[in-house]
Amino acid sequence: MNIVIIGSSAAGLSCLNTLCKISPQAKITVISAERYSPYSRCLLTYYLGNSMTEQELTISSPSDYPSDVRFILGQKAEQIDTQRKTVRLSDGKELGYDKLLIAVGADAIKPKYYAEGKRTFTLRYLDDAKKIADTTKGKAVVLGGGFVGIKTAYGLLERNIKTDMVITSPYPLAMVLDEASARYIEKDLVDMGIGITTRDDVADISLHKNALKVYLSSGRVLESDVVVVGKGVKPSVDLAKASGIKVNEGISVNEYLETSAPDIFAAGDCCETIDLARNKLQIIGLWPVAVEQGYFAALNMSGNRSRYPGSIAMNSLKTKAFHLISAGLLKGEPGLTVYEKHIPSRKQFRKIAFRGDVPVGMAFYNCPEEAGLFVNLIKKAMPLIVKPEKVVNGDVSISDILKPL
Ligand SMILES: Cc1cc2nc3c(=O)[nH]c(=O)nc-3n(C[C@H](O)[C@H](O)[C@H](O)COP(=O)(O)OP(=O)(O)OC[C@H]3O[C@@H](n4cnc5c(N)ncnc54)[C@H](O)[C@@H]3O)c2cc1C
């Protein structure tokens, strides 16, 4: 069997590794627009923070694989001919396939003021991180207060760069947390030395005689070496669209990760799958979720029909000042009951959201040891057998929480 995988990151690589185990006779070609061996995108901010080298980001090398596996790096898949079952690359060459995986991920959203010529970058690829690192000498502005924005600002701080965050929302992590919880994170960031401006946005950016100025809507002007935009991502759907494959917000797949075209599957940040906490189709842009989907895609591509069960959003944010773990849904939908306990003297909070008696979301701040269990309860929609108040108070052990089957 001739298998082509487009994208060699979390989803593509997980599919490849699974196929190498369960279909060792398959001939597999992996195409990547990036020129690097597969590396961890999640660690890019550590690279920015000088705490990891490029080599340490690398996950695997083409030479780790058997001779039936071929990597084509630095080439883009431009078009899929779903009738002839071929993929055309940017150098004009064509590859045939029996089964194809689209694992092309997502791209960072680039607002209208984005211009590399004005030292304004996004952070999605290793090349982005290199450009940011090369350009930043002493001062940086990071736009956006989500997980990636905060990780980026922290990475720059670790690099000894004076960093200012500009956030449109009234407080950081507004998509996930309520104001009272988010203020802990905001205070930690400020105490570490990151400047935070909320309820503001960029109106314009100018570069004149090597001086970069960031003009905010409020009238403030920030001087910086670089602007890093962390305003979210959008799934990469151009290839699928151009090839006549059904796309909504992301590429449409069924529960076997099959697209609308025969023998073509999709996995990772480029496709929409079931969010178990919301119970609806969603793009869950996370590394472990992409890995899981790559694994299920491989099973289905090799004829081992297996239903992908869906997943939930989860995030961990660790700095020298705090550790936040969140999963599922805590706000933004009706019918949620949220239990929470804040212990300011210990710099801790625990929050759990329920729909009925089923936990659907959590955020634990500086108490990571109990968080993993809750992520699993949410994923499996397992009701609690103890009072939620006891959980948020930290008064129960793991065995108290699990319901006997
Ligand atoms: C700075 C940063 C920090 C992050 N931190 C975390 C974290 O802490 N935890 C977490 O769970 N997630 C994190 N993420 C998100 C995580 O990295 C993504 O969810 C994950 O990488 C998605 O994997 P993927 O395989 O779907 O796609 P991607 O990683 O986006 O990779 C897609 C690949 O396909 C290639 N490609 C695209 N189009 C084509 C084409 N036409 N032809 C050939 N190749 C193509 C791209 O160049 C890319 O190499 C972070 C992301 C960033 C940017």
# chains A, B, ... in the order shown; residues from 1 in each chain; ligands from 1

call {"tool": "residues_near_ligand", "arguments": {"ligand": "ligand 1", "cutoff": "7 Å", "atoms": "only C-alpha atoms and all ligand atoms", "output": "PyMOL selection string"}}
result
chain A and resi 6-12+31-34+40-45+75-78+103-107+123-125+148+152+236+239+267-270+285-288+290+315-316

call {"tool": "closest_residue", "arguments": {"among": "A:Met382, A:Val190, A:Val375, A:Ala297", "to": "Leu100 (chain A)", "atoms": "only C-alpha atoms"}}
result
A:Ala297

call {"tool": "closest_residue", "arguments": {"among": "A:Leu143, A:Ala182, A:Val247, A:Leu384", "to": "Ala203 (chain A)", "atoms": "only C-alpha atoms"}}
result
A:Leu143

call {"tool": "atom_distance", "arguments": {"atom1": "CA of Arg35 (chain A)", "atom2": "CA of Gly149 (chain A)"}}
result
25.2 Å

call {"tool": "residues_around", "arguments": {"residues": "Ser306 (chain A)", "least_positions_apart": "4", "cutoff": "9 Å", "atoms": "only C-alpha atoms", "output": "PyMOL selection string"}}
result
chain A and resi 255-256+296-297+299-300

call {"tool": "atom_distance", "arguments": {"atom1": "CA of Val289 (chain A)", "atom2": "CA of Pro383 (chain A)"}}
result
22.9 Å

call {"tool": "closest_atom_pairs", "arguments": {"of": "region 160-259 of chain A", "to": "region 48-70 of chain A", "cutoff": "12 Å", "atoms": "only C-alpha atoms", "output": "CSV"}}
result
residue,atom,partner,partner_atom,distance
A:Asn160,CA,A:Gly49,CA,8.4
A:Ile161,CA,A:Gly49,CA,9.3
A:Val228,CA,A:Leu48,CA,11.8

call {"tool": "write_last_selection", "arguments": {"atoms": "all heavy atoms", "output": "PDB file, in the first residue's frame"}}
result
ATOM      1  N   ASN A 160      15.723  37.575  28.974  1.00  0.00           N
ATOM      2  CA  ASN A 160      16.114  38.901  29.491  1.00  0.00           C
ATOM      3  C   ASN A 160      15.650  40.041  28.599  1.00  0.00           C
ATOM      4  O   ASN A 160      16.343  41.059  28.460  1.00  0.00           O
ATOM      5  CB  ASN A 160      17.621  39.010  29.698  1.00  0.00           C
ATOM      6  CG  ASN A 160      18.045  38.193  30.878  1.00  0.00           C
ATOM      7  OD1 ASN A 160      17.303  38.119  31.857  1.00  0.00           O
ATOM      8  ND2 ASN A 160      19.192  37.540  30.779  1.00  0.00           N
ATOM      9  N   ILE A 161      14.503  39.854  27.984  1.00  0.00           N
ATOM     10  CA  ILE A 161      13.938  40.908  27.137  1.00  0.00           C
ATOM     11  C   ILE A 161      12.835  41.608  27.940  1.00  0.00           C
ATOM     12  O   ILE A 161      11.989  40.933  28.552  1.00  0.00           O
ATOM     13  CB  ILE A 161      13.313  40.279  25.861  1.00  0.00           C
ATOM     14  CG1 ILE A 161      14.350  39.486  25.058  1.00  0.00           C
ATOM     15  CG2 ILE A 161      12.622  41.330  25.011  1.00  0.00           C
ATOM     16  CD1 ILE A 161      15.469  40.298  24.480  1.00  0.00           C
ATOM     17  N   VAL A 228       5.247  40.528  18.573  1.00  0.00           N
ATOM     18  CA  VAL A 228       4.845  39.139  18.318  1.00  0.00           C
ATOM     19  C   VAL A 228       3.331  39.058  18.491  1.00  0.00           C
ATOM     20  O   VAL A 228       2.803  39.401  19.549  1.00  0.00           O
ATOM     21  CB  VAL A 228       5.536  38.145  19.275  1.00  0.00           C
ATOM     22  CG1 VAL A 228       5.190  36.714  18.874  1.00  0.00           C
ATOM     23  CG2 VAL A 228       7.047  38.336  19.275  1.00  0.00           C
TER      24      VAL A 228
END

call {"tool": "select_by_dssp", "arguments": {"residues": "region 93-198 of chain A", "states": "strand (DSSP E or B)", "output": "list in words"}}
result
Glu94, Leu95, Gly96, Lys99, Leu100, Leu101, Ile102, Ala106, Asp107, Ala108, Thr120, Phe121, Thr122, Lys139, Ala140, Val141, Val142, Leu143, Lys162, Thr163, Asp164, Met165, Val166, Gly195, Ile196 and Thr197 of chain A

call {"tool": "residues_around", "arguments": {"residues": "Leu281 (chain A)", "least_positions_apart": "3", "cutoff": "10 Å", "atoms": "only C-alpha atoms", "output": "short mmCIF file (atom, residue, chain, number, x, y, z; two decimals) with N, CA and C atoms, in the first residue's frame"}}
result
data_model
loop_
_atom_site.label_atom_id
_atom_site.label_comp_id
_atom_site.auth_asym_id
_atom_site.auth_seq_id
_atom_site.Cartn_x
_atom_site.Cartn_y
_atom_site.Cartn_z
N GLU A 249 -15.43 25.17 9.15
CA GLU A 249 -14.36 26.04 9.66
C GLU A 249 -13.01 25.33 9.44
N GLY A 250 -13.00 24.03 9.77
CA GLY A 250 -11.86 23.17 9.46
C GLY A 250 -12.30 22.11 8.46
N SER A 252 -13.87 18.87 7.20
CA SER A 252 -14.92 18.00 7.78
C SER A 252 -14.45 16.56 7.75
N VAL A 253 -14.56 15.89 8.89
CA VAL A 253 -14.26 14.46 8.92
C VAL A 253 -15.38 13.74 9.67
N CYS A 271 -8.59 19.95 11.29
CA CYS A 271 -9.93 19.37 11.10
C CYS A 271 -10.82 19.52 12.33
N GLU A 272 -12.10 19.40 12.08
CA GLU A 272 -13.11 19.56 13.14
C GLU A 272 -13.50 18.19 13.66
N THR A 273 -13.44 18.03 14.98
CA THR A 273 -13.86 16.75 15.58
C THR A 273 -14.71 17.07 16.82
N ILE A 274 -15.22 16.04 17.46
CA ILE A 274 -16.13 16.26 18.59
C ILE A 274 -15.37 16.74 19.83
N ASP A 275 -15.83 17.88 20.36
CA ASP A 275 -15.36 18.36 21.65
C ASP A 275 -16.31 17.76 22.69
N LEU A 276 -15.79 16.88 23.54
CA LEU A 276 -16.65 16.13 24.45
C LEU A 276 -17.28 17.02 25.52
N ARG A 278 -18.19 20.22 25.10
CA ARG A 278 -19.23 21.05 24.46
C ARG A 278 -20.24 20.20 23.72
N ILE A 284 -9.89 21.56 18.09
CA ILE A 284 -9.20 21.59 19.39
C ILE A 284 -7.71 21.63 19.09
N GLY A 310 -13.34 11.49 20.23
CA GLY A 310 -13.43 12.92 20.52
C GLY A 310 -12.51 13.27 21.68
#

call {"tool": "residues_around", "arguments": {"residues": "Ala277 (chain A)", "least_positions_apart": "6", "cutoff": "10 Å", "atoms": "only C-alpha atoms", "output": "VMD selection string"}}
result
chain A and resid 310 to 313 327 to 330 354 to 355 358 to 361 378 to 381

call {"tool": "write_last_selection", "arguments": {"atoms": "all heavy atoms", "output": "compact mmCIF listing (two decimals), in the first residue's frame"}}
result
# COMPACT_ATOMS: atom_id res chain seq x y z
N GLY A 310 -13.34 11.49 20.23
CA GLY A 310 -13.43 12.92 20.52
C GLY A 310 -12.51 13.27 21.68
O GLY A 310 -11.90 12.39 22.31
N SER A 311 -12.41 14.57 21.96
CA SER A 311 -11.49 14.97 23.02
C SER A 311 -11.97 16.25 23.70
O SER A 311 -13.09 16.70 23.44
CB SER A 311 -10.09 15.16 22.43
OG SER A 311 -9.16 15.19 23.48
N ILE A 312 -11.12 16.78 24.54
CA ILE A 312 -11.46 18.06 25.19
C ILE A 312 -10.23 18.98 25.12
O ILE A 312 -9.11 18.50 24.96
CB ILE A 312 -11.86 17.88 26.67
CG1 ILE A 312 -10.76 17.14 27.45
CG2 ILE A 312 -13.19 17.20 26.82
CD1 ILE A 312 -10.93 17.22 28.94
N ALA A 313 -10.50 20.27 25.26
CA ALA A 313 -9.38 21.21 25.34
C ALA A 313 -8.70 21.06 26.69
O ALA A 313 -9.36 20.80 27.70
CB ALA A 313 -9.93 22.63 25.19
N ALA A 327 -8.89 22.45 31.76
CA ALA A 327 -9.41 21.49 30.77
C ALA A 327 -10.90 21.71 30.61
O ALA A 327 -11.58 22.17 31.53
CB ALA A 327 -9.14 20.06 31.22
N GLY A 328 -11.39 21.37 29.43
CA GLY A 328 -12.83 21.41 29.16
C GLY A 328 -13.37 22.82 29.15
O GLY A 328 -12.71 23.77 28.71
N LEU A 329 -14.54 22.97 29.72
CA LEU A 329 -15.34 24.18 29.57
C LEU A 329 -15.67 24.75 30.94
O LEU A 329 -16.23 24.06 31.78
CB LEU A 329 -16.63 23.73 28.86
CG LEU A 329 -17.70 24.70 28.57
CD1 LEU A 329 -17.19 25.72 27.55
CD2 LEU A 329 -18.90 23.97 27.98
N LEU A 330 -15.32 26.02 31.15
CA LEU A 330 -15.62 26.65 32.45
C LEU A 330 -16.58 27.81 32.32
O LEU A 330 -17.14 28.29 33.29
CB LEU A 330 -14.33 27.17 33.08
CG LEU A 330 -13.47 26.13 33.80
CD1 LEU A 330 -12.11 26.72 34.12
CD2 LEU A 330 -14.14 25.66 35.08
N PHE A 354 -19.79 21.87 36.15
CA PHE A 354 -20.62 20.69 35.91
C PHE A 354 -21.75 21.04 34.97
O PHE A 354 -22.27 22.15 34.98
CB PHE A 354 -21.27 20.22 37.22
CG PHE A 354 -20.30 19.56 38.15
CD1 PHE A 354 -19.46 20.33 38.95
CD2 PHE A 354 -20.20 18.18 38.22
CE1 PHE A 354 -18.56 19.73 39.79
CE2 PHE A 354 -19.30 17.58 39.06
CZ PHE A 354 -18.47 18.36 39.85
N ARG A 355 -22.13 20.04 34.16
CA ARG A 355 -23.41 20.10 33.48
C ARG A 355 -24.19 18.94 34.10
O ARG A 355 -23.81 17.79 33.96
CB ARG A 355 -23.25 19.94 31.98
CG ARG A 355 -24.48 20.34 31.21
CD ARG A 355 -24.32 20.14 29.72
NE ARG A 355 -23.59 21.21 29.05
CZ ARG A 355 -22.47 21.01 28.37
NH1 ARG A 355 -21.94 19.81 28.27
NH2 ARG A 355 -21.88 22.01 27.76
N VAL A 358 -22.28 15.82 35.82
CA VAL A 358 -21.08 15.41 35.09
C VAL A 358 -20.09 16.58 35.01
O VAL A 358 -20.46 17.67 34.56
CB VAL A 358 -21.47 14.94 33.66
CG1 VAL A 358 -20.23 14.62 32.84
CG2 VAL A 358 -22.39 13.74 33.74
N PRO A 359 -18.85 16.37 35.44
CA PRO A 359 -17.87 17.47 35.33
C PRO A 359 -17.50 17.72 33.87
O PRO A 359 -17.23 16.78 33.12
CB PRO A 359 -16.66 16.96 36.11
CG PRO A 359 -16.81 15.49 36.20
CD PRO A 359 -18.26 15.16 36.03
N VAL A 360 -17.52 18.99 33.45
CA VAL A 360 -17.19 19.33 32.05
C VAL A 360 -16.00 20.28 31.93
O VAL A 360 -15.52 20.54 30.83
CB VAL A 360 -18.40 19.93 31.30
CG1 VAL A 360 -19.49 18.90 31.08
CG2 VAL A 360 -18.94 21.16 32.00
N GLY A 361 -15.55 20.82 33.07
CA GLY A 361 -14.42 21.73 32.97
C GLY A 361 -13.72 21.89 34.31
O GLY A 361 -14.30 21.64 35.37
N ILE A 378 -13.40 14.34 33.09
CA ILE A 378 -14.13 15.17 32.12
C ILE A 378 -14.18 14.44 30.77
O ILE A 378 -15.23 14.37 30.13
CB ILE A 378 -13.46 16.56 31.99
CG1 ILE A 378 -13.58 17.30 33.31
CG2 ILE A 378 -14.08 17.36 30.87
CD1 ILE A 378 -12.69 18.52 33.42
N LYS A 379 -13.03 13.88 30.36
CA LYS A 379 -12.99 13.18 29.06
C LYS A 379 -13.96 12.01 29.04
O LYS A 379 -14.61 11.73 28.04
CB LYS A 379 -11.57 12.63 28.82
CG LYS A 379 -10.72 13.48 27.95
CD LYS A 379 -9.38 12.88 27.74
CE LYS A 379 -9.17 12.54 26.27
NZ LYS A 379 -7.79 12.19 25.97
N LYS A 380 -14.09 11.33 30.18
CA LYS A 380 -14.95 10.14 30.21
C LYS A 380 -16.36 10.47 30.68
O LYS A 380 -17.19 9.56 30.83
CB LYS A 380 -14.32 9.09 31.13
CG LYS A 380 -12.99 8.59 30.56
CD LYS A 380 -12.45 7.41 31.30
CE LYS A 380 -11.22 6.91 30.57
NZ LYS A 380 -10.10 6.63 31.43
N ALA A 381 -16.64 11.75 30.95
CA ALA A 381 -17.96 12.18 31.43
C ALA A 381 -18.41 11.34 32.61
O ALA A 381 -19.54 10.86 32.66
CB ALA A 381 -18.99 12.13 30.29

call {"tool": "select_by_dssp", "arguments": {"residues": "region 4-54 of chain A", "states": "alpha helix (DSSP H)", "output": "JSON, numbers by chain"}}
result
{"A": [10, 11, 12, 13, 14, 15, 16, 17, 18, 19, 20, 21, 22, 44, 45, 46, 47, 48, 54]}

call {"tool": "write_last_selection", "arguments": {"atoms": "C-alpha atoms", "output": "PDB file, in the first residue's frame"}}
result
ATOM      1  CA  ALA A  10       2.026  15.997  15.843  1.00  0.00           C
ATOM      2  CA  ALA A  11      -0.733  14.391  13.746  1.00  0.00           C
ATOM      3  CA  GLY A  12       1.373  13.376  10.734  1.00  0.00           C
ATOM      4  CA  LEU A  13       4.157  11.908  12.817  1.00  0.00           C
ATOM      5  CA  SER A  14       1.810  10.009  15.111  1.00  0.00           C
ATOM      6  CA  CYS A  15       0.125   8.514  12.029  1.00  0.00           C
ATOM      7  CA  LEU A  16       3.523   7.592  10.586  1.00  0.00           C
ATOM      8  CA  ASN A  17       4.766   5.996  13.822  1.00  0.00           C
ATOM      9  CA  THR A  18       1.563   3.974  14.200  1.00  0.00           C
ATOM     10  CA  LEU A  19       1.647   2.806  10.572  1.00  0.00           C
ATOM     11  CA  CYS A  20       5.280   1.721  10.940  1.00  0.00           C
ATOM     12  CA  LYS A  21       4.116  -0.595  13.735  1.00  0.00           C
ATOM     13  CA  ILE A  22       0.849  -1.929  12.313  1.00  0.00           C
ATOM     14  CA  LEU A  44       9.183  26.917  20.649  1.00  0.00           C
ATOM     15  CA  THR A  45       8.744  29.366  23.529  1.00  0.00           C
ATOM     16  CA  TYR A  46      11.425  27.466  25.491  1.00  0.00           C
ATOM     17  CA  TYR A  47      13.715  27.862  22.471  1.00  0.00           C
ATOM     18  CA  LEU A  48      12.842  31.569  22.524  1.00  0.00           C
ATOM     19  CA  GLU A  54      17.107  23.625  18.265  1.00  0.00           C
TER      20      GLU A  54
END

call {"tool": "residues_around", "arguments": {"residues": "Pro262 (chain A)", "least_positions_apart": "5", "cutoff": "12 Å", "atoms": "only C-alpha atoms", "output": "list in words"}}
result
Ile80, Asp81, Thr82, Gln83, Arg84, Lys85, Tyr97, Asp98, Lys99, Leu100, Leu101, Gly244, Ile245, Lys246, Val253, Leu257 and Met301 of chain A

call {"tool": "atom_distance", "arguments": {"atom1": "CA of Ser302 (chain A)", "atom2": "CA of Met1 (chain A)"}}
result
8.9 Å

call {"tool": "residues_around", "arguments": {"residues": "Arg199 (chain A)", "least_positions_apart": "2", "cutoff": "8 Å", "atoms": "only C-alpha atoms", "output": "PyMOL selection string"}}
result
chain A and resi 167-171+197+201

call {"tool": "closest_residue", "arguments": {"among": "A:Glu370, A:Asp357, A:Glu389, A:Asp204", "to": "Ala115 (chain A)", "atoms": "only C-alpha atoms"}}
result
A:Asp204
